file start.cif (mmCIF, C-alpha atoms)
data_start
#
loop_
_atom_site.label_atom_id
_atom_site.label_comp_id
_atom_site.auth_asym_id
_atom_site.auth_seq_id
_atom_site.Cartn_x
_atom_site.Cartn_y
_atom_site.Cartn_z
CA MET A 1 -1.38 -24.99 -0.33
CA GLY A 2 -0.32 -21.45 0.52
CA ARG A 3 -2.20 -18.68 2.21
CA VAL A 4 -2.17 -15.03 3.20
CA ALA A 5 -0.79 -15.08 6.74
CA LEU A 6 -0.48 -11.34 7.37
CA ALA A 7 -1.95 -8.14 5.97
CA ALA A 8 -1.29 -4.53 6.85
CA ALA A 9 -1.25 -1.00 5.44
CA THR A 10 0.77 2.14 6.06
CA SER A 11 1.39 5.60 4.68
CA HIS A 12 4.57 6.03 2.64
CA VAL A 13 5.64 9.70 2.41
CA GLY A 14 9.39 10.20 2.09
CA ALA A 15 9.54 12.51 5.10
CA ILE A 16 9.00 9.46 7.32
CA VAL A 17 12.68 8.64 6.86
CA LYS A 18 14.09 11.96 5.64
CA ASN A 19 12.61 14.00 8.51
CA GLY A 20 11.78 11.22 10.93
CA ASP A 21 12.27 13.21 14.13
CA ALA A 22 9.84 15.98 13.22
CA ASP A 23 7.14 16.64 15.83
CA PRO A 24 8.61 14.11 18.29
CA ARG A 25 5.41 13.69 20.30
CA ARG A 26 3.46 12.50 17.28
CA SER A 27 6.24 10.85 15.31
CA SER A 28 7.35 8.73 18.28
CA VAL A 29 3.87 7.15 18.35
CA LEU A 30 4.16 6.31 14.66
CA HIS A 31 7.69 4.93 14.86
CA ALA A 32 6.59 2.70 17.74
CA ALA A 33 3.71 1.41 15.62
CA TRP A 34 6.01 0.60 12.69
CA GLU A 35 8.30 -1.24 15.10
CA ARG A 36 5.34 -3.21 16.43
CA LEU A 37 4.18 -4.07 12.90
CA ASP A 38 7.71 -5.11 11.95
CA GLY A 39 7.71 -7.50 14.90
CA GLU A 40 4.41 -8.99 13.73
CA ILE A 41 5.86 -9.50 10.25
CA ALA A 42 8.90 -11.26 11.68
CA ALA A 43 6.73 -13.47 13.89
CA ALA A 44 4.55 -14.49 10.93
CA GLU A 45 7.54 -16.29 9.30
CA LEU A 46 6.56 -15.24 5.79
CA ASP A 47 7.95 -16.62 2.55
CA ALA A 48 7.26 -13.37 0.71
CA VAL A 49 5.52 -10.03 1.13
CA VAL A 50 3.38 -8.54 -1.62
CA VAL A 51 3.96 -4.79 -1.28
CA VAL A 52 1.08 -2.94 -2.92
CA ALA A 53 2.00 0.61 -3.85
CA THR A 54 1.88 3.19 -6.60
CA ASP A 55 4.54 5.08 -8.56
CA HIS A 56 5.27 8.76 -9.05
CA TYR A 57 6.37 8.72 -12.71
CA GLU A 58 9.69 7.09 -11.93
CA THR A 59 9.08 3.59 -13.29
CA PHE A 60 5.95 4.16 -15.36
CA GLY A 61 5.21 6.99 -17.77
CA LEU A 62 2.60 7.76 -20.35
CA GLU A 63 4.28 5.49 -22.92
CA ASN A 64 3.18 2.53 -20.74
CA TYR A 65 0.94 3.09 -17.74
CA PRO A 66 -0.78 -0.08 -16.52
CA ALA A 67 -3.61 -0.32 -14.04
CA PHE A 68 -1.88 -3.15 -12.17
CA CYS A 69 1.63 -4.55 -12.61
CA ILE A 70 3.39 -7.30 -10.68
CA GLY A 71 7.19 -7.44 -10.44
CA LEU A 72 8.86 -10.77 -11.24
CA ALA A 73 12.52 -9.89 -10.77
CA ALA A 74 14.90 -11.71 -8.46
CA GLU A 75 16.06 -8.32 -7.21
CA HIS A 76 14.45 -4.89 -7.33
CA GLN A 77 16.37 -1.62 -7.39
CA GLY A 78 15.11 1.42 -5.53
CA TRP A 79 15.14 4.75 -7.34
CA ALA A 80 16.42 6.77 -4.37
CA GLU A 81 14.66 9.75 -5.94
CA PHE A 82 14.93 13.07 -4.09
CA GLY A 83 16.95 11.50 -1.28
CA ASN A 84 14.48 8.70 -0.61
CA PRO A 85 15.75 5.21 0.30
CA GLY A 86 17.53 3.33 -2.48
CA GLY A 87 19.51 0.13 -2.71
CA THR A 88 18.07 -3.23 -3.68
CA VAL A 89 15.51 -5.56 -2.18
CA PRO A 90 15.24 -9.29 -2.88
CA GLY A 91 12.37 -10.44 -5.07
CA ARG A 92 10.50 -13.73 -5.00
CA PRO A 93 10.07 -14.49 -8.71
CA LEU A 94 8.68 -18.04 -8.35
CA LEU A 95 5.92 -16.95 -5.98
CA ALA A 96 5.29 -13.88 -8.13
CA GLU A 97 4.78 -16.09 -11.19
CA TYR A 98 2.29 -18.27 -9.31
CA LEU A 99 0.38 -15.18 -8.21
CA LEU A 100 0.41 -13.77 -11.74
CA LYS A 101 -1.03 -17.00 -13.12
CA GLY A 102 -3.60 -17.26 -10.33
CA LEU A 103 -4.77 -13.68 -10.71
CA THR A 104 -5.05 -14.04 -14.49
CA GLU A 105 -7.17 -17.16 -14.04
CA ARG A 106 -9.41 -15.16 -11.71
CA GLY A 107 -10.09 -12.44 -14.23
CA PHE A 108 -7.29 -9.96 -13.56
CA GLU A 109 -5.15 -9.37 -16.65
CA MET A 110 -2.11 -8.17 -14.78
CA SER A 111 0.82 -6.50 -16.46
CA ARG A 112 4.17 -7.94 -15.46
CA SER A 113 7.72 -6.61 -15.32
CA HIS A 114 11.08 -8.32 -14.92
CA THR A 115 12.88 -4.98 -14.43
CA MET A 116 10.47 -3.02 -12.22
CA ARG A 117 12.24 -0.41 -10.11
CA LEU A 118 10.70 0.89 -6.91
CA ASP A 119 10.13 4.47 -5.84
CA HIS A 120 9.50 5.78 -2.33
CA SER A 121 5.99 4.31 -2.18
CA PHE A 122 7.69 0.91 -1.86
CA MET A 123 11.06 1.80 -0.38
CA VAL A 124 9.99 4.00 2.54
CA PRO A 125 7.71 1.34 4.09
CA LEU A 126 10.38 -1.29 3.53
CA ALA A 127 12.89 0.94 5.35
CA LYS A 128 10.53 1.01 8.33
CA LEU A 129 9.65 -2.70 8.06
CA PRO A 130 12.95 -4.54 7.54
CA SER A 131 11.33 -7.88 8.29
CA ALA A 132 9.29 -7.48 5.10
CA THR A 133 12.46 -6.95 3.09
CA ALA A 134 14.03 -10.00 4.74
CA ALA A 135 11.05 -12.14 3.72
CA GLY A 136 11.47 -11.12 0.06
CA VAL A 137 9.27 -8.74 -1.90
CA VAL A 138 6.73 -9.15 -4.68
CA PRO A 139 5.98 -5.56 -5.73
CA LEU A 140 2.48 -4.87 -7.02
CA PHE A 141 1.96 -1.48 -8.66
CA VAL A 142 -1.50 0.11 -8.65
CA ASN A 143 -2.38 3.19 -10.67
CA CYS A 144 -3.50 5.74 -8.09
CA ASN A 145 -2.80 8.99 -9.90
CA THR A 146 -3.38 8.86 -13.68
CA GLU A 147 -6.99 8.77 -14.83
CA PRO A 148 -8.83 6.60 -15.49
CA LEU A 149 -8.07 4.77 -12.25
CA PRO A 150 -9.16 1.26 -11.34
CA THR A 151 -12.28 1.59 -9.23
CA LEU A 152 -12.21 1.20 -5.47
CA GLY A 153 -14.40 -1.88 -5.81
CA ARG A 154 -12.05 -3.43 -8.36
CA CYS A 155 -9.15 -2.92 -5.96
CA LEU A 156 -11.03 -4.63 -3.14
CA GLU A 157 -11.79 -7.55 -5.45
CA LEU A 158 -8.12 -7.74 -6.45
CA GLY A 159 -7.24 -8.20 -2.79
CA LYS A 160 -9.74 -11.04 -2.51
CA ALA A 161 -8.29 -12.60 -5.65
CA ILE A 162 -4.79 -12.41 -4.14
CA ALA A 163 -6.05 -14.37 -1.13
CA ALA A 164 -7.60 -16.97 -3.43
CA ALA A 165 -4.50 -17.17 -5.65
CA ALA A 166 -2.35 -17.68 -2.57
CA GLY A 167 -4.00 -21.07 -2.28
CA ASP A 168 -2.24 -22.05 -5.52
CA LEU A 169 1.21 -21.40 -4.09
CA PRO A 170 3.50 -24.41 -3.69
CA GLY A 171 3.90 -26.14 -0.37
CA ASP A 172 2.75 -24.28 2.70
CA ALA A 173 3.84 -20.86 1.47
CA ARG A 174 2.89 -18.00 3.75
CA ILE A 175 2.66 -14.56 2.23
CA GLY A 176 2.02 -11.10 3.58
CA VAL A 177 0.20 -8.27 1.82
CA ILE A 178 1.07 -4.69 2.73
CA GLY A 179 -0.70 -1.74 1.13
CA THR A 180 1.04 1.63 1.17
CA GLY A 181 -0.26 5.14 0.56
CA GLY A 182 -2.40 8.01 1.83
CA LEU A 183 -3.96 9.13 3.91
CA SER A 184 -5.19 12.69 3.34
CA HIS A 185 -2.76 14.92 1.47
CA TRP A 186 -2.64 17.19 -1.55
CA VAL A 187 0.24 16.73 -4.01
CA GLY A 188 1.29 19.63 -6.24
CA LEU A 189 -1.90 21.57 -5.56
CA PRO A 190 -2.68 24.85 -3.76
CA ARG A 191 -3.90 22.92 -0.72
CA PHE A 192 -0.52 21.21 -0.33
CA GLY A 193 0.20 20.75 3.38
CA GLU A 194 -3.43 20.42 4.45
CA ILE A 195 -4.65 17.32 6.29
CA ASN A 196 -8.25 16.27 6.82
CA GLU A 197 -8.18 14.40 10.12
CA ASP A 198 -11.94 13.79 10.06
CA PHE A 199 -11.72 12.03 6.69
CA ASP A 200 -8.78 9.93 7.82
CA ARG A 201 -10.46 8.82 11.02
CA GLU A 202 -13.71 7.99 9.20
CA PHE A 203 -11.80 5.85 6.71
CA LEU A 204 -9.89 4.01 9.43
CA ALA A 205 -13.07 3.49 11.47
CA LEU A 206 -14.87 1.94 8.51
CA LEU A 207 -12.00 -0.47 7.93
CA ALA A 208 -11.91 -1.33 11.63
CA GLU A 209 -15.63 -2.13 11.44
CA GLY A 210 -15.10 -4.27 8.34
CA ARG A 211 -17.26 -1.91 6.27
CA THR A 212 -15.18 -1.95 3.11
CA ASP A 213 -18.30 -1.78 0.94
CA ASP A 214 -19.03 1.64 2.43
CA VAL A 215 -15.61 2.83 1.32
CA THR A 216 -16.01 1.43 -2.20
CA SER A 217 -19.19 3.50 -2.57
CA TRP A 218 -17.16 6.71 -2.34
CA SER A 219 -16.49 8.62 -5.53
CA ASP A 220 -13.01 9.76 -6.48
CA GLU A 221 -14.41 13.29 -6.61
CA ARG A 222 -15.39 13.07 -2.96
CA ILE A 223 -12.00 11.70 -1.97
CA GLN A 224 -10.13 14.42 -3.84
CA ASN A 225 -12.34 17.21 -2.54
CA GLU A 226 -12.19 16.10 1.08
CA ALA A 227 -8.75 14.53 1.36
CA GLY A 228 -6.70 15.44 -1.68
CA ASN A 229 -5.39 13.67 -4.74
CA GLY A 230 -2.91 11.80 -2.55
CA ALA A 231 -5.79 10.09 -0.74
CA LEU A 232 -6.65 8.23 -3.94
CA GLU A 233 -3.90 5.88 -2.73
CA VAL A 234 -6.41 4.30 -0.32
CA ARG A 235 -6.82 1.81 -3.16
CA THR A 236 -3.77 0.02 -1.80
CA TRP A 237 -5.41 -0.24 1.63
CA LEU A 238 -8.50 -1.81 0.07
CA ILE A 239 -6.35 -4.41 -1.68
CA ALA A 240 -4.77 -5.31 1.67
CA ALA A 241 -8.22 -5.42 3.30
CA GLY A 242 -9.55 -7.69 0.58
CA ALA A 243 -6.58 -10.02 0.91
CA ALA A 244 -7.05 -10.19 4.67
CA GLY A 245 -10.78 -10.84 4.73
CA GLY A 246 -11.13 -9.32 8.19
CA PRO A 247 -11.34 -5.92 9.85
CA ALA A 248 -8.45 -3.56 10.44
CA ARG A 249 -6.56 -3.08 13.68
CA VAL A 250 -5.53 0.55 13.77
CA LEU A 251 -2.03 0.59 15.24
CA ALA A 252 -1.60 4.37 15.02
CA TYR A 253 -2.91 7.51 13.40
CA GLU A 254 -1.42 10.98 13.59
CA PRO A 255 -1.99 14.07 11.46
CA MET A 256 1.56 15.15 10.60
CA PRO A 257 1.69 18.71 9.22
CA SER A 258 5.49 18.59 9.17
CA TRP A 259 5.21 15.60 6.82
CA THR A 260 2.15 17.12 5.01
CA VAL A 261 0.21 13.84 5.35
CA GLY A 262 -2.23 12.15 7.67
CA ILE A 263 -0.28 9.04 8.66
CA GLY A 264 -2.09 5.77 9.29
CA ILE A 265 -0.72 2.35 10.22
CA SER A 266 -2.97 -0.71 10.43
CA GLY A 267 -2.90 -4.45 10.57
CA PHE A 268 -5.81 -6.64 9.48
CA ALA A 269 -7.39 -9.74 10.93
CA ILE A 270 -6.95 -12.70 8.60
CA GLY A 271 -9.86 -14.73 7.34
CA GLN A 272 -12.53 -13.41 9.68
CA ALA A 273 -15.85 -12.20 8.41
CA PRO A 274 -16.57 -8.56 9.27
#

call {"tool": "encode", "arguments": {"input": "start.cif", "output": "structure tokens"}}
result
Amino acid sequence: MGRVALAAATSHVGAIVKNGDADPRRSSVLHAAWERLDGEIAAAELDAVVVVATDHYETFGLENYPAFCIGLAAEHQGWAEFGNPGGTVPGRPLLAEYLLKGLTERGFEMSRSHTMRLDHSFMVPLAKLPSATAAGVVPLFVNCNTEPLPTLGRCLELGKAIAAAAGDLPGDARIGVIGTGGLSHWVGLPRFGEINEDFDREFLALLAEGRTDDVTSWSDERIQNEAGNGALEVRTWLIAAGAAGGPARVLAYEPMPSWTVGIGISGFAIGQAP
């Protein structure tokens, strides 16, 4: 019987690696938090990490744009788009197939791909968390940018279903779940470069208090108005929170104007009621 043994979430903007030394006072805090999280991943001795992220029209286009898609390949190629990290990361196809079956049985008709390539929303966090790459990756795409989007509540329930499906894994498999995206930022809009620190801190505080239902009551209109279209990626954080079952531990938060994003990094308590 397997289980979720670690859950976390982090922002994923490409500038994290392409301009990593910007604003050293703030960025040093963030790099230290990623190093700490990487150590926790290594210590958890995971058999695979489900990396929950979106895509920026590299892998998926309007000819086929799923709500959720799980990658089943033995190896996943990074796009390396716009100078972002590339290369390959090892997949965990057997565990991915078990999760696909378990999620389908629990009412989630997941799309699946045997050739899913990964853009910066996957590859940047993996560059900062090499222990996740070493454990092997099951990529899980979530539509965070092309309407209609899966609801916030549906994403939270998907996380809970991942935790339940983990129980179907063979042996004593231990998996991690890492959501990537957000926090506040505007992509391709006149407000590009703005950050709403108040929104970011409210979101992180609610997760730290275990109040995920409060977050799922937010409308997408509110999120976009207050924190930008890029903040719709908090769906990935809710999936990680649902998989964890416990409140967040905020490892770091910094508004990073030089990266144009409010950067958050959190772990989650496993299996504890809020």

call {"tool": "resolve_selection", "arguments": {"input": "start.cif", "expression": "the PyMOL selection byres ((chain A and resi 39-51) around 7)", "output": "list in words"}}
result
Ala5, Leu6, Glu35, Arg36, Leu37, Asp38, Val52, Ala53, Arg92, Phe122, Ser131, Ala132, Ala135, Gly136, Val137, Val138, Pro139, Leu140, Ala173, Arg174, Ile175, Gly176, Val177, Ile178 and Gly179 of chain A

call {"tool": "closest_residue", "arguments": {"input": "start.cif", "among": "A:Ile265, A:Ala164, A:Ile270, A:Val215", "to": "Ala33 of chain A", "atoms": "all atoms listed in the file"}}
result
A:Ile265

call {"tool": "closest_residue", "arguments": {"input": "start.cif", "among": "A:Phe68, A:Tyr253, A:Trp79, A:Phe268", "to": "Val142 of chain A", "atoms": "all atoms listed in the file"}}
result
A:Phe68

call {"tool": "residues_around", "arguments": {"input": "start.cif", "residues": "segment 150-152 of chain A", "least_positions_apart": "6", "cutoff": "12 Å", "atoms": "only C-alpha atoms", "output": "ChimeraX atom specification"}}
result
/A:66-68,108,141-144,158-159,212-220,223,231-239,241-242

call {"tool": "closest_residue", "arguments": {"input": "start.cif", "among": "A:Leu207, A:Ala161, A:Ala134, A:Gln77", "to": "Gly102 of chain A", "atoms": "all atoms listed in the file"}}
result
A:Ala161

call {"tool": "residues_around", "arguments": {"input": "start.cif", "residues": "Met110 of chain A", "least_positions_apart": "2", "cutoff": "7 Å", "atoms": "all atoms listed in the file", "output": "CSV table (one decimal) with C-alpha atoms, in the coordinates of the input"}}
result
chain,number,residue,atom,x,y,z
A,68,PHE,CA,-1.9,-3.2,-12.2
A,69,CYS,CA,1.6,-4.6,-12.6
A,70,ILE,CA,3.4,-7.3,-10.7
A,100,LEU,CA,0.4,-13.8,-11.7
A,104,THR,CA,-5.0,-14.0,-14.5
A,108,PHE,CA,-7.3,-10.0,-13.6
A,112,ARG,CA,4.2,-7.9,-15.5

call {"tool": "atom_distance", "arguments": {"input": "start.cif", "atom1": "atom CA of Leu204 of chain A", "atom2": "atom CA of Asn145 of chain A"}}
result
21.2 Å

call {"tool": "atom_distance", "arguments": {"input": "start.cif", "atom1": "atom CA of Pro90 of chain A", "atom2": "atom CA of Ala163 of chain A"}}
result
22.0 Å

call {"tool": "closest_residue", "arguments": {"input": "start.cif", "among": "A:Gly230, A:Arg154, A:Gly267, A:Asp172", "to": "Leu189 of chain A", "atoms": "only C-alpha atoms"}}
result
A:Gly230

call {"tool": "decode", "arguments": {"input": "start.cif", "residues": "segment 136-167 of chain A", "atoms": "N, CA and C atoms", "output": "PDB file, in the first residue's frame"}}
result
ATOM      1  N   GLY A 136      12.366  10.547  -9.784  1.00  0.00           N
ATOM      2  CA  GLY A 136      11.557  10.204 -10.953  1.00  0.00           C
ATOM      3  C   GLY A 136      10.264  10.985 -10.936  1.00  0.00           C
ATOM      4  N   VAL A 137       9.830  11.417 -12.117  1.00  0.00           N
ATOM      5  CA  VAL A 137       8.753  12.398 -12.223  1.00  0.00           C
ATOM      6  C   VAL A 137       7.535  11.813 -12.935  1.00  0.00           C
ATOM      7  N   VAL A 138       6.375  12.061 -12.354  1.00  0.00           N
ATOM      8  CA  VAL A 138       5.093  11.843 -13.014  1.00  0.00           C
ATOM      9  C   VAL A 138       4.496  13.221 -13.258  1.00  0.00           C
ATOM     10  N   PRO A 139       4.572  13.757 -14.480  1.00  0.00           N
ATOM     11  CA  PRO A 139       4.038  15.094 -14.724  1.00  0.00           C
ATOM     12  C   PRO A 139       2.518  15.071 -14.818  1.00  0.00           C
ATOM     13  N   LEU A 140       1.891  16.049 -14.182  1.00  0.00           N
ATOM     14  CA  LEU A 140       0.441  16.175 -14.231  1.00  0.00           C
ATOM     15  C   LEU A 140       0.111  17.597 -14.668  1.00  0.00           C
ATOM     16  N   PHE A 141      -0.364  17.728 -15.896  1.00  0.00           N
ATOM     17  CA  PHE A 141      -0.742  19.029 -16.444  1.00  0.00           C
ATOM     18  C   PHE A 141      -2.126  19.424 -15.965  1.00  0.00           C
ATOM     19  N   VAL A 142      -2.270  20.719 -15.632  1.00  0.00           N
ATOM     20  CA  VAL A 142      -3.558  21.300 -15.254  1.00  0.00           C
ATOM     21  C   VAL A 142      -3.783  22.545 -16.109  1.00  0.00           C
ATOM     22  N   ASN A 143      -4.938  22.655 -16.713  1.00  0.00           N
ATOM     23  CA  ASN A 143      -5.269  23.843 -17.487  1.00  0.00           C
ATOM     24  C   ASN A 143      -5.485  25.019 -16.551  1.00  0.00           C
ATOM     25  N   CYS A 144      -4.577  25.978 -16.599  1.00  0.00           N
ATOM     26  CA  CYS A 144      -4.676  27.168 -15.762  1.00  0.00           C
ATOM     27  C   CYS A 144      -4.825  28.453 -16.573  1.00  0.00           C
ATOM     28  N   ASN A 145      -4.964  28.334 -17.898  1.00  0.00           N
ATOM     29  CA  ASN A 145      -4.944  29.571 -18.679  1.00  0.00           C
ATOM     30  C   ASN A 145      -5.895  29.628 -19.871  1.00  0.00           C
ATOM     31  N   THR A 146      -6.622  28.560 -20.172  1.00  0.00           N
ATOM     32  CA  THR A 146      -7.502  28.563 -21.342  1.00  0.00           C
ATOM     33  C   THR A 146      -8.923  28.220 -20.905  1.00  0.00           C
ATOM     34  N   GLU A 147      -9.793  29.203 -20.898  1.00  0.00           N
ATOM     35  CA  GLU A 147     -11.154  28.986 -20.411  1.00  0.00           C
ATOM     36  C   GLU A 147     -11.916  28.014 -21.297  1.00  0.00           C
ATOM     37  N   PRO A 148     -12.825  27.221 -20.682  1.00  0.00           N
ATOM     38  CA  PRO A 148     -13.148  27.189 -19.260  1.00  0.00           C
ATOM     39  C   PRO A 148     -12.125  26.371 -18.466  1.00  0.00           C
ATOM     40  N   LEU A 149     -11.796  26.849 -17.279  1.00  0.00           N
ATOM     41  CA  LEU A 149     -10.821  26.177 -16.433  1.00  0.00           C
ATOM     42  C   LEU A 149     -11.513  25.220 -15.478  1.00  0.00           C
ATOM     43  N   PRO A 150     -10.832  24.157 -15.045  1.00  0.00           N
ATOM     44  CA  PRO A 150     -11.385  23.372 -13.946  1.00  0.00           C
ATOM     45  C   PRO A 150     -11.525  24.257 -12.716  1.00  0.00           C
ATOM     46  N   THR A 151     -12.580  24.079 -11.968  1.00  0.00           N
ATOM     47  CA  THR A 151     -12.818  24.953 -10.825  1.00  0.00           C
ATOM     48  C   THR A 151     -11.767  24.735  -9.738  1.00  0.00           C
ATOM     49  N   LEU A 152     -11.640  25.722  -8.870  1.00  0.00           N
ATOM     50  CA  LEU A 152     -10.723  25.587  -7.744  1.00  0.00           C
ATOM     51  C   LEU A 152     -11.119  24.391  -6.878  1.00  0.00           C
ATOM     52  N   GLY A 153     -12.411  24.217  -6.663  1.00  0.00           N
ATOM     53  CA  GLY A 153     -12.869  23.096  -5.849  1.00  0.00           C
ATOM     54  C   GLY A 153     -12.556  21.755  -6.484  1.00  0.00           C
ATOM     55  N   ARG A 154     -12.691  21.679  -7.803  1.00  0.00           N
ATOM     56  CA  ARG A 154     -12.370  20.436  -8.509  1.00  0.00           C
ATOM     57  C   ARG A 154     -10.886  20.107  -8.362  1.00  0.00           C
ATOM     58  N   CYS A 155     -10.050  21.128  -8.393  1.00  0.00           N
ATOM     59  CA  CYS A 155      -8.616  20.900  -8.236  1.00  0.00           C
ATOM     60  C   CYS A 155      -8.291  20.402  -6.829  1.00  0.00           C
ATOM     61  N   LEU A 156      -8.927  20.970  -5.824  1.00  0.00           N
ATOM     62  CA  LEU A 156      -8.717  20.483  -4.461  1.00  0.00           C
ATOM     63  C   LEU A 156      -9.141  19.023  -4.349  1.00  0.00           C
ATOM     64  N   GLU A 157     -10.277  18.681  -4.951  1.00  0.00           N
ATOM     65  CA  GLU A 157     -10.744  17.299  -4.905  1.00  0.00           C
ATOM     66  C   GLU A 157      -9.812  16.369  -5.662  1.00  0.00           C
ATOM     67  N   LEU A 158      -9.203  16.852  -6.749  1.00  0.00           N
ATOM     68  CA  LEU A 158      -8.233  16.020  -7.465  1.00  0.00           C
ATOM     69  C   LEU A 158      -7.057  15.691  -6.553  1.00  0.00           C
ATOM     70  N   GLY A 159      -6.603  16.663  -5.784  1.00  0.00           N
ATOM     71  CA  GLY A 159      -5.515  16.381  -4.846  1.00  0.00           C
ATOM     72  C   GLY A 159      -5.900  15.307  -3.839  1.00  0.00           C
ATOM     73  N   LYS A 160      -7.113  15.380  -3.330  1.00  0.00           N
ATOM     74  CA  LYS A 160      -7.573  14.359  -2.385  1.00  0.00           C
ATOM     75  C   LYS A 160      -7.657  12.996  -3.064  1.00  0.00           C
ATOM     76  N   ALA A 161      -8.064  12.988  -4.324  1.00  0.00           N
ATOM     77  CA  ALA A 161      -8.145  11.728  -5.063  1.00  0.00           C
ATOM     78  C   ALA A 161      -6.757  11.143  -5.313  1.00  0.00           C
ATOM     79  N   ILE A 162      -5.759  12.005  -5.530  1.00  0.00           N
ATOM     80  CA  ILE A 162      -4.384  11.518  -5.683  1.00  0.00           C
ATOM     81  C   ILE A 162      -3.940  10.808  -4.406  1.00  0.00           C
ATOM     82  N   ALA A 163      -4.247  11.415  -3.256  1.00  0.00           N
ATOM     83  CA  ALA A 163      -3.877  10.781  -1.985  1.00  0.00           C
ATOM     84  C   ALA A 163      -4.558   9.431  -1.839  1.00  0.00           C
ATOM     85  N   ALA A 164      -5.838   9.344  -2.219  1.00  0.00           N
ATOM     86  CA  ALA A 164      -6.549   8.073  -2.127  1.00  0.00           C
ATOM     87  C   ALA A 164      -5.986   7.058  -3.112  1.00  0.00           C
ATOM     88  N   ALA A 165      -5.704   7.510  -4.356  1.00  0.00           N
ATOM     89  CA  ALA A 165      -5.178   6.597  -5.373  1.00  0.00           C
ATOM     90  C   ALA A 165      -3.784   6.109  -5.016  1.00  0.00           C
ATOM     91  N   ALA A 166      -3.052   6.900  -4.248  1.00  0.00           N
ATOM     92  CA  ALA A 166      -1.718   6.465  -3.826  1.00  0.00           C
ATOM     93  C   ALA A 166      -1.789   5.182  -3.015  1.00  0.00           C
ATOM     94  N   GLY A 167      -2.914   4.962  -2.350  1.00  0.00           N
ATOM     95  CA  GLY A 167      -3.086   3.727  -1.598  1.00  0.00           C
ATOM     96  C   GLY A 167      -3.139   2.491  -2.465  1.00  0.00           C
TER      97      GLY A 167
END
